[in-house]
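Source file data-v9.cif; content: mmCIF, C-alpha atoms.
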```cif
data_entry
loop_
_atom_site.group_PDB
_atom_site.id
_atom_site.type_symbol
_atom_site.label_atom_id
_atom_site.label_comp_id
_atom_site.auth_asym_id
_atom_site.auth_seq_id
_atom_site.Cartn_x
_atom_site.Cartn_y
_atom_site.Cartn_z
ATOM 1 C CA MET A 93 120.322 68.307 159.860
ATOM 2 C CA LEU A 94 119.078 71.384 161.669
ATOM 3 C CA LEU A 95 117.491 74.388 159.992
ATOM 4 C CA ARG A 96 119.859 76.753 161.762
ATOM 5 C CA GLU A 97 122.782 74.959 160.060
ATOM 6 C CA ILE A 98 121.293 75.929 156.705
ATOM 7 C CA PHE A 99 120.249 79.515 157.388
ATOM 8 C CA GLN A 100 122.817 80.692 159.919
ATOM 9 C CA SER A 101 125.840 82.568 158.613
ATOM 10 C CA LEU A 102 128.710 80.140 159.034
ATOM 11 C CA ASP A 103 132.432 80.545 159.183
ATOM 12 C CA GLU A 104 132.855 77.024 157.855
ATOM 13 C CA LYS A 105 132.780 76.717 154.096
ATOM 14 C CA GLN A 106 130.039 74.519 152.692
ATOM 15 C CA ILE A 107 131.131 72.019 150.056
ATOM 16 C CA TRP A 108 129.754 68.911 148.403
ATOM 17 C CA GLY A 109 130.986 65.472 149.381
ATOM 18 C CA ARG A 110 130.187 61.838 148.801
ATOM 19 C CA ARG A 111 128.663 59.336 151.203
ATOM 20 C CA GLY A 112 128.668 56.017 149.368
ATOM 21 C CA LYS A 113 126.955 56.744 146.069
ATOM 22 C CA ASP A 114 125.040 59.783 147.348
ATOM 23 C CA VAL A 115 126.125 63.399 146.990
ATOM 24 C CA VAL A 116 125.760 65.191 150.333
ATOM 25 C CA ARG A 117 126.610 68.586 151.780
ATOM 26 C CA LYS A 118 129.712 68.755 153.981
ATOM 27 C CA PHE A 119 131.791 71.450 155.673
ATOM 28 C CA ARG A 120 135.448 72.438 155.605
ATOM 29 C CA CYS A 121 136.670 73.437 159.075
ATOM 30 C CA THR A 122 138.285 76.890 159.170
ATOM 31 C CA VAL A 123 139.363 76.870 162.833
ATOM 32 C CA GLY A 124 140.183 74.409 165.560
ATOM 33 C CA ARG A 125 142.188 71.179 165.630
ATOM 34 C CA ARG A 126 140.607 69.995 162.388
ATOM 35 C CA LYS A 127 141.362 73.121 160.370
ATOM 36 C CA GLY A 128 141.197 72.321 156.656
ATOM 37 C CA ARG A 129 139.513 68.958 157.177
ATOM 38 C CA ILE A 130 136.188 68.056 155.578
ATOM 39 C CA VAL A 131 133.552 66.938 158.085
ATOM 40 C CA ALA A 132 129.870 65.957 157.933
ATOM 41 C CA LYS A 133 128.725 68.194 160.817
ATOM 42 C CA ILE A 134 130.076 71.541 161.953
ATOM 43 C CA ALA A 135 130.237 70.267 165.544
ATOM 44 C CA GLN A 136 132.972 67.814 164.498
ATOM 45 C CA CYS A 137 135.361 70.722 163.924
ATOM 46 C CA PHE A 138 135.505 71.272 167.687
ATOM 47 C CA ALA A 139 135.137 67.687 168.938
ATOM 48 C CA ALA A 140 137.777 66.125 171.165
ATOM 49 C CA PRO A 141 140.291 63.938 169.310
ATOM 50 C CA ASN A 142 139.855 60.163 169.445
ATOM 51 C CA VAL A 143 143.404 59.055 170.307
ATOM 52 C CA LYS A 144 142.790 55.335 169.811
ATOM 53 C CA ALA A 145 141.367 55.831 166.304
ATOM 54 C CA LYS A 146 144.215 58.214 165.466
ATOM 55 C CA ILE A 147 146.867 55.621 166.401
ATOM 56 C CA ARG A 148 145.022 52.841 164.557
ATOM 57 C CA MET A 149 144.780 54.959 161.385
ATOM 58 C CA LYS A 150 148.466 55.830 161.594
ATOM 59 C CA ARG A 151 149.366 52.114 161.684
ATOM 60 C CA THR A 152 146.980 51.310 158.829
ATOM 61 C CA ARG A 153 148.426 54.054 156.641
ATOM 62 C CA ALA A 154 151.952 52.832 157.320
ATOM 63 C CA ARG A 155 150.930 49.326 156.281
ATOM 64 C CA LEU A 156 148.536 50.004 153.387
ATOM 65 C CA GLY A 157 149.081 53.649 152.440
ATOM 66 C CA ALA A 158 150.102 53.134 148.791
ATOM 67 C CA LYS A 159 147.337 50.588 148.187
ATOM 68 C CA MET A 160 144.755 52.930 149.731
ATOM 69 C CA MET A 161 145.875 55.792 147.490
ATOM 70 C CA ARG A 162 145.663 53.706 144.302
ATOM 71 C CA LYS A 163 142.173 52.539 145.222
ATOM 72 C CA ARG A 164 141.037 56.079 146.051
ATOM 73 C CA ASN A 165 142.439 57.491 142.808
ATOM 74 C CA LYS A 166 140.580 54.846 140.799
ATOM 75 C CA THR A 167 137.348 55.656 142.659
ATOM 76 C CA MET A 168 137.749 59.384 142.030
ATOM 77 C CA ARG A 169 138.219 58.765 138.296
ATOM 78 C CA THR A 170 135.433 56.232 137.756
ATOM 79 C CA ASN A 171 132.668 56.669 140.365
ATOM 80 C CA PRO A 172 129.858 58.862 138.907
ATOM 81 C CA ALA A 173 129.147 60.384 142.344
ATOM 82 C CA SER A 174 132.797 61.437 142.711
ATOM 83 C CA ILE A 175 132.799 63.036 139.271
ATOM 84 C CA ARG A 176 129.560 64.888 140.130
ATOM 85 C CA VAL A 177 131.038 66.135 143.428
ATOM 86 C CA GLN A 178 134.152 67.452 141.658
ATOM 87 C CA ALA A 179 131.992 69.336 139.140
ATOM 88 C CA LEU A 180 129.773 70.845 141.864
ATOM 89 C CA ASN A 181 132.735 71.998 143.966
ATOM 90 C CA LYS A 182 134.501 73.443 140.933
ATOM 91 C CA ALA A 183 131.355 75.388 139.959
ATOM 92 C CA SER A 184 130.934 76.856 143.448
ATOM 93 C CA ARG A 185 134.568 77.982 143.658
ATOM 94 C CA SER A 186 135.101 81.715 143.319
ATOM 95 C CA THR A 187 136.485 82.890 140.004
ATOM 96 C CA THR A 188 138.765 85.559 141.456
ATOM 97 C CA LYS A 189 142.370 85.259 140.405
ATOM 98 C CA ALA A 190 145.305 85.462 142.762
ATOM 99 C CA PRO A 191 146.919 88.899 142.939
ATOM 100 C CA LYS A 192 149.852 89.387 140.620
ATOM 101 C CA ARG A 193 153.305 89.592 142.075
ATOM 102 C CA GLY A 194 155.137 92.911 142.270
ATOM 103 C CA MET A 195 157.577 94.490 139.859
ATOM 104 C CA LYS A 196 160.258 91.949 140.766
ATOM 105 C CA SER A 197 158.895 89.463 138.265
ATOM 106 C CA PHE A 198 158.312 92.095 135.578
ATOM 107 C CA LYS A 199 160.444 91.719 132.474
ATOM 108 C CA PRO A 200 159.742 94.036 129.541
ATOM 109 C CA LYS A 201 159.253 92.441 126.146
ATOM 110 C CA GLY A 202 162.095 92.524 123.678
ATOM 111 C CA THR A 203 164.935 92.629 126.190
ATOM 112 C CA LYS A 204 167.513 90.009 125.548
ATOM 113 C CA GLY A 205 170.598 89.459 127.563
ATOM 114 C CA THR A 206 172.779 86.593 128.598
ATOM 115 C CA ARG A 207 173.200 85.890 132.254
ATOM 116 C CA ASN A 208 176.584 85.519 133.852
ATOM 117 C CA LYS A 209 177.334 83.134 136.725
ATOM 118 C CA LYS A 210 176.549 85.725 139.402
ATOM 119 C CA GLY A 211 173.016 86.321 138.091
ATOM 120 C CA GLY A 212 173.606 89.715 136.444
ATOM 121 C CA THR A 213 173.318 90.457 132.742
ATOM 122 C CA ARG A 214 176.193 91.111 130.361
ATOM 123 C CA LYS A 215 176.063 93.732 127.648
#
```
Once more with this new file: its structure as structure tokens, please.
Amino acid sequence: MLLREIFQSLDEKQIWGRRGKDVVRKFRCTVGRRKGRIVAKIAQCFAAPNVKAKIRMKRTRARLGAKMMRKRNKTMRTNPASIRVQALNKASRSTTKAPKRGMKSFKPKGTKGTRNKKGGTRK
């Protein structure tokens, strides 16, 4: 790990991840081919794709996808490192709420009306 990776202002979001039983720092790519993916090094966000590995993983998922998901879900529930990672990432998440929708969804309290088949209200 380089010092400039720690102190430089980054576009990539820093998160916590798991490597075996250890909790390590990882990055979520914000641009490039791997946008949204979690990687160990920022340079991986811009690396060329490995076509052979991509095809092999596609075949493996087709063959063992459901089994892999069950095993992963069990790990995420029971492994202490996974539980620690979830807590750390939840704590670092911003607490800002999503903006409320406009007046379309506004319904004043106390108004009762039955809806007809066309979506309007009857009086």
Quick one, how far is CA of Ala179 (chain A) from CA of Arg110 (chain A)? 12.4 Å
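This file, queried with the PyMOL selection byres ((chain A and resi 118) around 6), gives the residues Gln106, Ile107, Trp108, Gly109, Arg117, Phe119, Val131 and Ala132 of chain A.
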For Arg129 (chain A), find every residue with an atom within 9 Å (counting all atoms listed in the file), except residues of its own chain fewer than 6 positions away, and show them as a CSV table (one decimal) with C-alpha atoms, in the frame of the given file.
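Written output follows (result02.csv):
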```csv
chain,number,residue,atom,x,y,z
A,119,PHE,CA,131.8,71.4,155.7
A,120,ARG,CA,135.4,72.4,155.6
A,121,CYS,CA,136.7,73.4,159.1
A,122,THR,CA,138.3,76.9,159.2
A,137,CYS,CA,135.4,70.7,163.9
```
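Atom to atom, CA of Leu180 (chain A) and CA of Asp114 (chain A) stand 13.2 Å apart.
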Distance query region 141-144 of chain A at most 12 Å, only C-alpha atoms, self and fewer than 6 positions along chain excluded, as a PyMOL selection string: chain A and resi 124-126+150-151
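We find CA of Phe138 (chain A) and CA of Asn181 (chain A) to be spaced 23.9 Å apart.
The nearest approach to Gln178 (chain A) among the residues A:Met161, A:Val115, A:Ala140, A:Lys105, with only C-alpha atoms taken into account, belongs to A:Val115.
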